[in-house]
Each structure stands twice: as structure tokens, then as C-alpha cells.
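Report on the structure given below.
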Amino acid sequence: MTGQILEISDLSAGYDENDILQEISLLIREKSFVGVIGPNGSGKSTFMQVLARSLPVRDGDIILLGDPLQSYSYRDFGVKVGYVPQESDIKFKYPVYEVVMMGRNPHIERFRSPSYADHEAVRRALQQTGTLELADRPITALSGGERQRVMIARVLAQDPVLLLLDEPFAHIDIHHQYELIRIIRETSRDKRAVIGVFHDINLAAAYCDDLVLMHDGRIRAYGKPKEVLTTELIHEVFKIRPVIDINPTTGTPFVYVEEEWKESDVHKPRIHLISGGGTGSYLISLLSRSGYSLSCGVLAENDSDCMMARKYGIPTLAEPPFSRLSFEMEEKLAELVLSADVVIVTSMPVGWGNYPNIRVLQQIDPKKIICILPSSEPTIPDFTGGVATDTIKKLLSNGALSISSPGELLEILQTTQIVNDYK
Amino acid sequence: MNTIRNSLILIGLSCAVIIAILLSVITGPVEISLIEILTGGMQDTTHTQILFDIRLPRAIAAALVGAGLACAGAAMQTLFRNDLADPYTLGTSAGGAVGVSLTIITGAVLLVPVAAFGGAIGSAFLVYLLAAQKRRLSTGNLLLTGIAVSMFFSSVVSVCLVFSGKNMHQIMFWLMGGLWNASWADIPLLLITLIPAGILALFSRDLNIMSCGEAETRTLGIDLEKTKLLLLAVSAGITGLVVSVSGSIGFIGLVSPHIMRMITGPDHRVLIPASLGCGALLLVCADTISRTWLGDLPVGIVTAFFGAPFFLMLIRRRSDI
């Protein structure tokens, strides 16, 4: 049980009769930086308020460092827990230095003045947050972002074991944002824990050890960013169609939303895409954003087309690289191709390994086939000694279309009638 | 740097209060010259009496009443996080008035101070009971409840006024507040207010933190509910004591903290003692003006008459809030 900072079990809390938070259970260990994410009104701030004892617990237990939260005197509580609320509206002209010194209050006895150590802690916190030069300015004269940095300085000066931050970066520019989150993460490494509410999912994913995803006052998911930020969970909670990419600099999940994403439309033709070697990546993104119901394959697992298809959550047939297609896989492919209204073939490199992708086309009506081939030389890179090229040529002469650009493709698709009526 | 400046302000204020009291003692309708006092050649016993039994206790009482109102006002403004709060926000003034009206009507005039104190404290307690919900005290609730209770009690006082007949002016004079009856007997009672005032000063750091917002007070080591309750009770206690001696003198408790906040800044470690000095100074001056040149008009009228324009000027001068 060592290293446990906070243990919450079956917590419920709220403002009026209704419980806003329900059945919250969470374990926070030392040296962890936990990010709380979730849509507006999901209970993130309420949760922080309960932990900061601003809002009473209705039911359940919160154990802080082995003792119930309620058993702490507020002075001891202030030594252990620091809190930066979402909004701080100081309307009096306290100098920044004094505001940060307020963080030391739990450490200073009533009849004493701040000690040398207190002044040192304040100076250090000011320095860390880049607010040292603001020390003598009245807090009311600062910009929103500067104020927030001062509030973070205050909690750093307070030096608590558990830091609670409620959207600490709402008004802070990107430079200071990254600087501060690094400082905060650094702080969490030293036998402490930090719980922060973040609006920026990607920032949280990049810097937090664990994420708590809240939805309707409950914890929907808790775990490593990779486990929490999945297409299904993000879609369920945030009601968006996310694309989960990987942040190239941190290796953590990176969520973005396609701007023109349309729900896949049953009245649009269903498309199967045969591609490989990156020749289909743009089409995958374009077609799924345009609301076409798409399937892909067969692709090699490590093919960039395959990764792109996965990112968009498109049903894709995939095989290990450089292996021959299994009989089973060929059957599945035939099924997809037969059920599609349109089958698109890109000018992908074809060898014996992926030739079945082309061969299968002989089973369907050639009029359903659209080949996208370079206008300069309308062929495919052929590694089958001409077999694949022959197949394509035969298809083209039997009525398959050959076009050269994705723009043309969209025009053709708009006029395509749905022939199949597969359910 | 700031500490030196603030110390100078506090020393300056203390000197000003003492000088004001001395000037007040030698000023009045009956002229007693400074030379007469200094040479000790005061053969005239009536002059001695006027000086030591009437003017001096009255000036000291004025100083203590002003001081009490001002520091209670400072605390109230912070506790309510509202610029309009004053010592009477908890209904202390109206409550005291009810007590006084009833005693005057029933003829128990000797009990007026007791009734004033009881009414003031009782009203504050009533407001607290009505406003407190589920052990949590919302200042917004408290403020509105205070206003509602004040209005209710004011209507009770109005009823009393209607039925008071020839005693009406007595009630009216109490309502406006004054120091006509101040004597040495009142001084010990008023000196007691310095104890709660001292408590307010001891809680300066807490008040500072509370003035910056309630959300994070608990994580900064303050038991918000208890502290709020204690400081409200302390402020109400000061107000009750003061009101029992002087009636409800307005404006001093509202204005003094604002004036000092403009000069010293919001830090309660300076603001509380500075407001105390400012309130004392203002009321001594106002009372001296009233009894010397205005036919002993109730001093509450004087404070408002001169104070309001002065305050307006200050508000217009400050560029930022």
C-alpha cells in the first residue's frame, strides 16, 4: 500500500438534491500525473471541488495518505493538498508576491510571520513560472494568462503532496503552457501526485501518465492515454468522429477531428478500395470524409494505406506482409467486392502476393470498376511478369473506367447509381 | 519599502487621532483657551467640568465608536466580498432600533442601551439562522437575508414611530445616531470593542485569503465556515456594543475601509488598523463640527452630509478598481 496518495471509493456528490458525481472510484499513486478529461458538464470541476473540500461528500470515501479527507484539520489539509480553481477573480490590488505568499499560509502559524524558508519558496515558485518580474505588480493589473501563472506559482509555493488543477491553462499562451506543464509533471515525480482537468486532450495525452475520462458524472475510462483515447470511447463521450493519430514528437495518441466529416450515408454507393504502398491513403481520407461507406483490402499489415484505414475505423482486410493471401481471405475479399457498388483500383505495385486482389475483379461486372492510373502511363507497376497488366487491360476493354485524378472520381461517384442492395 | 510606508501611515493616523481629540476638547460653544489649559490656571470649575467631564469623554467615545464601526465595516466588506457591506449589513442597525423603539414606547428608558445591544446582536443571530443551510453559509444568502430582515425591522420601527406620540423624537434621534449622552461611564464598554477588533487584526491573513475568493480558502489552510462565523460574530459584537452607546451612526463603517484601501491597499494587516484610525479620526471631527457649529445635530447626519460628497470625489479620482 505504499506510495498511495488518494483512494476514492464509491463517491457521490452534488450541489442540490441531484448527485452530479456518481460511483466515482479512483486510486492515485505517488509520482503520477493524472489528467481528467470529458465534455462540459461531465462533472470534472465538481470532482475537483470535492477533492478540494469545497463541496461536501454525499456518499463514499476519500482517503488521503491513509486518513479520511474529513479527518484532516484544514491547516494540515492545506499542507497536503493545493488547488488552483478554474476561475480566480481577485478584485483587490494585492501585489503578486503577496498572492503567492498566501500559498504558504498553511505552513505559517497564526502568530508568526513568514520565515526565510517561506520567502524562498515564494521566490522559487515565481522564478519557475516566469512571474518573478511581476512580483511587485498588483494582481489586478495582469492579463488573464499572467494571473493564471501566478495562481500556479501559488500552488507551487504551497508545496503540497497532491496538486489539484482545474483547467490551469485556459488563458495561457502555448509557450508558457508547455513550460508549465513540464514543471507540473516534474513536480509530480517527487513523491507527489497531480490531478489536472484539461480541455486539450492532446496536451493531456502527451504529458499525463494516466487519463480519467468522465462522462455524465461517472468515470467512463481510466488508464494510460493509449487505452482511454480510442475511437469508440471518444465518439461515445464527445459525440465526434475522431481520428486517433500518433503524436510524432511524444509517441502518444493524438486526437483530431476531420473538418468535413459526414456520417456515412446509406444512399451513397458503397465502395471497395484495392490499393497498397500508400497509393490509397489520400482516397481513404477523402472518401470517408465525404461520407462514403468504404472497405479496403487486402492490404499488408504494415502498409501505410492499412494504417490510414485503421485510423478512420474502416473495415479492412489485412494480412501479414509478404505472405500469400489465404484461401479464407480471398473468400472474404470476394464477398466485399461483390457487395460493393463501386470497386476502385489504384496504380499499386502488384506482385504474386497481392495479385489475388486483381484476379478477384474478373468475378464482377467490369462496369463497377474504376481504375485510377497515372495519365502519363496508364499502367500499374507490375511484378507478375505481365499477368496483372493483362488482367487490367482485359477489364478496361470490357467496360471498366480509367481515370487519372481523385477529383474525377468524386464527379463519377456522384452520378453512380446504387445497384446492389446488400444489407 | 511598503512596510515602511505602511508603518508611517499608521503612525501618522495615530498622531492625527490624538491631535483631533485634543483639538476637539478645546473646541466648542463655550470658549476655553489653550493658554488657560496649559497654564493650569483654570479657576473656573465649570470650565474644568466642561473640559474633563463633557468634552474629553465625548471625544474619546467618538474615537472608539468610529474605530469600532470602521474595522467592523472592513471585515464585513471582506467577508461578504461586497463593496456595499457595512457594519449594519447583518441587520444590526434595524434590530437595535427595534429594541430601542420598544423600550422607549414602554417607558423603560434606562434600558435603552441594553435593548439596543440585544436587538443588534439578536438580529445578527436571526439573519444567520435564516441564511444558514445545511451547515454551509453562503455569503450571498446572508447578504440578502440581512437586507430582508433589516427591511422587516425597519417597518416595525416605523409602526413604533407612528404610535410613539411625544416620544417620537427620542426614537428619531437614536436612529440618526449621536454622542450627546457619552460620558466616562461609556468608555470602559467601548474599550471592550478593542478586544474583538484585535481578533479581526489577528485574522488578517485569513481575511486576505478569503478576500481573494472562497474556492481555494480551504486548501490554503482555513476552516472557512468556522472562520466566517467567528469573524461575523466578532464584527456583530463590535457593532452591537457601539450601537448601544451611540445609536446607529451611518457612513463611517462604509467609507473608512474604502478610503484606507485606496491609500494602503487591500492587505488586512494594514487595512484593519488603518481603518480603525480613519474611523476614529472621521467621527471625532464630525462630532466636533456637529456640536460646535451645527447646534449639536445628530452626528449621523453630519457624517453622511460631508462624507458622501467626499467619498464620491474619491471614487471619481481612482482610475482603477
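Numbering starts fresh at 1 for the residues of each chain in the C-alpha cells, the chains themselves are lettered A, B, ... in the order given, and ligands are numbered from 1 as they appear.
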
Within 7 Å of chain A, which residues of chain B are there when counting only C-alpha atoms? Please give them as an NGL selection string.
:B and (209 or 212-213 or 215-216 or 218-223 or 265-267)

Hey, what's within 10 Å of range 165-168 of chain A if we count only C-alpha atoms and toss same-chain stuff fewer than 2 positions away? As a PyMOL selection string, please?
chain A and resi 35-37+44-49+82-87+145+148-149+151-152+155+162-163+170-172+177+180-181+184+194-200

Write out as number ranges by chain each polymer residue whose atoms come within 12 Å of Ile24 in chain A, counting only C-alpha atoms; drop sequence neighbours fewer than 5 positions from it.
A: 7-13, 19, 43-44, 46-47, 50-51, 57-62, 212-222

One number please: CA of Ser323 in chain A to CA of Thr379 in chain A, in Å, one decimal.
24.2 Å

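A straight line drawn from CA of Asn208 in chain B to CA of His268 in chain B is 6.1 Å long.
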
Can you list, as a PyMOL selection string, all residues belonging to range 219-345 of chain A that DSSP tags as strand (DSSP E)?
chain A and resi 219-223+242-246+253-257+271-274+294-300+316-319+342-345

Generate the output file for the selected residues, N, CA and C atoms, as an mmCIF file, in the first residue's frame.
```
data_model
loop_
_atom_site.group_PDB
_atom_site.id
_atom_site.type_symbol
_atom_site.label_atom_id
_atom_site.label_comp_id
_atom_site.auth_asym_id
_atom_site.auth_seq_id
_atom_site.Cartn_x
_atom_site.Cartn_y
_atom_site.Cartn_z
ATOM 1 N N ILE A 219 -16.943 7.976 -14.062
ATOM 2 C CA ILE A 219 -15.681 7.732 -14.751
ATOM 3 C C ILE A 219 -15.947 6.693 -15.821
ATOM 4 N N ARG A 220 -15.800 7.104 -17.081
ATOM 5 C CA ARG A 220 -16.081 6.186 -18.178
ATOM 6 C C ARG A 220 -14.877 5.292 -18.456
ATOM 7 N N ALA A 221 -13.688 5.866 -18.277
ATOM 8 C CA ALA A 221 -12.481 5.075 -18.503
ATOM 9 C C ALA A 221 -11.332 5.679 -17.710
ATOM 10 N N TYR A 222 -10.425 4.842 -17.281
ATOM 11 C CA TYR A 222 -9.257 5.294 -16.532
ATOM 12 C C TYR A 222 -8.098 4.418 -16.928
ATOM 13 N N GLY A 223 -7.031 5.010 -17.391
ATOM 14 C CA GLY A 223 -5.885 4.202 -17.773
ATOM 15 C C GLY A 223 -4.868 5.035 -18.523
ATOM 16 N N PRO A 242 -13.653 10.999 -34.159
ATOM 17 C CA PRO A 242 -12.248 11.384 -34.062
ATOM 18 C C PRO A 242 -11.366 10.567 -34.982
ATOM 19 N N VAL A 243 -10.221 11.141 -35.264
ATOM 20 C CA VAL A 243 -9.164 10.389 -35.913
ATOM 21 C C VAL A 243 -8.065 10.275 -34.872
ATOM 22 N N ILE A 244 -7.687 9.074 -34.514
ATOM 23 C CA ILE A 244 -6.657 8.912 -33.493
ATOM 24 C C ILE A 244 -5.334 8.666 -34.189
ATOM 25 N N ASP A 245 -4.469 9.649 -34.109
ATOM 26 C CA ASP A 245 -3.169 9.545 -34.751
ATOM 27 C C ASP A 245 -2.122 9.377 -33.655
ATOM 28 N N ILE A 246 -0.891 9.383 -34.052
ATOM 29 C CA ILE A 246 0.158 9.318 -33.043
ATOM 30 C C ILE A 246 0.969 10.597 -33.125
ATOM 31 N N PRO A 253 -1.010 9.219 -28.117
ATOM 32 C CA PRO A 253 -2.145 9.383 -29.024
ATOM 33 C C PRO A 253 -2.419 10.853 -29.308
ATOM 34 N N PHE A 254 -2.850 11.121 -30.505
ATOM 35 C CA PHE A 254 -3.156 12.487 -30.891
ATOM 36 C C PHE A 254 -4.522 12.470 -31.574
ATOM 37 N N VAL A 255 -5.463 13.169 -30.952
ATOM 38 C CA VAL A 255 -6.832 13.114 -31.440
ATOM 39 C C VAL A 255 -7.117 14.342 -32.284
ATOM 40 N N TYR A 256 -7.636 14.142 -33.471
ATOM 41 C CA TYR A 256 -8.146 15.298 -34.182
ATOM 42 C C TYR A 256 -9.459 14.947 -34.866
ATOM 43 N N VAL A 257 -10.151 15.974 -35.273
ATOM 44 C CA VAL A 257 -11.451 15.754 -35.882
ATOM 45 C C VAL A 257 -11.372 16.227 -37.312
ATOM 46 N N ILE A 271 -18.270 1.510 -51.450
ATOM 47 C CA ILE A 271 -17.056 1.413 -52.256
ATOM 48 C C ILE A 271 -16.082 0.426 -51.629
ATOM 49 N N HIS A 272 -15.457 -0.378 -52.470
ATOM 50 C CA HIS A 272 -14.313 -1.156 -52.002
ATOM 51 C C HIS A 272 -13.068 -0.635 -52.716
ATOM 52 N N LEU A 273 -12.040 -0.453 -51.916
ATOM 53 C CA LEU A 273 -10.813 0.118 -52.472
ATOM 54 C C LEU A 273 -9.709 -0.935 -52.464
ATOM 55 N N ILE A 274 -9.140 -1.134 -53.626
ATOM 56 C CA ILE A 274 -7.989 -2.038 -53.724
ATOM 57 C C ILE A 274 -6.766 -1.168 -53.980
ATOM 58 N N LEU A 294 -16.968 2.699 -46.902
ATOM 59 C CA LEU A 294 -15.775 2.224 -47.597
ATOM 60 C C LEU A 294 -15.286 0.925 -46.975
ATOM 61 N N SER A 295 -14.699 0.071 -47.783
ATOM 62 C CA SER A 295 -13.935 -1.045 -47.236
ATOM 63 C C SER A 295 -12.627 -1.135 -48.009
ATOM 64 N N CYS A 296 -11.615 -1.717 -47.389
ATOM 65 C CA CYS A 296 -10.300 -1.767 -48.014
ATOM 66 C C CYS A 296 -9.722 -3.175 -47.953
ATOM 67 N N GLY A 297 -8.792 -3.436 -48.861
ATOM 68 C CA GLY A 297 -8.048 -4.682 -48.755
ATOM 69 C C GLY A 297 -8.008 -5.427 -50.084
ATOM 70 N N VAL A 298 -7.263 -6.474 -50.096
ATOM 71 C CA VAL A 298 -6.472 -6.930 -48.950
ATOM 72 C C VAL A 298 -5.159 -6.146 -48.913
ATOM 73 N N LEU A 299 -4.771 -5.702 -47.717
ATOM 74 C CA LEU A 299 -3.559 -4.911 -47.568
ATOM 75 C C LEU A 299 -2.582 -5.610 -46.637
ATOM 76 N N ALA A 300 -1.324 -5.268 -46.760
ATOM 77 C CA ALA A 300 -0.338 -5.777 -45.812
ATOM 78 C C ALA A 300 -0.471 -4.992 -44.501
ATOM 79 N N THR A 316 -11.261 -3.299 -42.896
ATOM 80 C CA THR A 316 -10.117 -3.556 -43.771
ATOM 81 C C THR A 316 -9.657 -5.004 -43.649
ATOM 82 N N LEU A 317 -9.414 -5.631 -44.782
ATOM 83 C CA LEU A 317 -8.812 -6.964 -44.768
ATOM 84 C C LEU A 317 -7.306 -6.787 -44.786
ATOM 85 N N ALA A 318 -6.627 -7.450 -43.858
ATOM 86 C CA ALA A 318 -5.178 -7.292 -43.807
ATOM 87 C C ALA A 318 -4.508 -8.623 -43.524
ATOM 88 N N GLU A 319 -3.345 -8.772 -44.124
ATOM 89 C CA GLU A 319 -2.543 -9.979 -43.972
ATOM 90 C C GLU A 319 -1.145 -9.549 -43.552
ATOM 91 N N VAL A 342 -19.149 0.120 -56.168
ATOM 92 C CA VAL A 342 -18.022 0.558 -56.971
ATOM 93 C C VAL A 342 -16.754 -0.075 -56.395
ATOM 94 N N VAL A 343 -15.887 -0.525 -57.257
ATOM 95 C CA VAL A 343 -14.595 -1.018 -56.798
ATOM 96 C C VAL A 343 -13.522 -0.148 -57.436
ATOM 97 N N ILE A 344 -12.677 0.420 -56.581
ATOM 98 C CA ILE A 344 -11.641 1.298 -57.103
ATOM 99 C C ILE A 344 -10.299 0.588 -57.018
ATOM 100 N N VAL A 345 -9.535 0.708 -58.086
ATOM 101 C CA VAL A 345 -8.200 0.109 -58.102
ATOM 102 C C VAL A 345 -7.196 1.229 -58.343
#
```

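Neighbours of range 258-261 of chain B closer than or equal to 7 Å, with only C-alpha atoms counted and sequence neighbours fewer than 5 positions away skipped, come out as Pro266, Leu271, Ala274 and Ser275 of chain B.
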
Restricting the calculation to only C-alpha atoms: of A:Val350, A:Ile183, A:Ile372, A:Ile284, which residue gets closest to Thr129 in chain A?
A:Ile183

Shortest contact to Ala286 in chain B, candidates B:Phe251, B:Leu161, B:Phe311, B:Asn6, atoms counted only C-alpha atoms, goes to B:Phe251

Can you check which residues of range 192-344 of chain A DSSP gives as helix (DSSP H, G or I) on the backbone and send them as JSON, numbers by chain?
{"A": [201, 202, 203, 204, 205, 206, 207, 225, 226, 227, 228, 231, 232, 233, 234, 235, 236, 237, 238, 281, 282, 283, 284, 285, 286, 287, 288, 289, 304, 305, 306, 307, 308, 309, 310, 311, 327, 328, 329, 330, 331, 332, 333, 334, 335, 336, 337, 338, 339]}
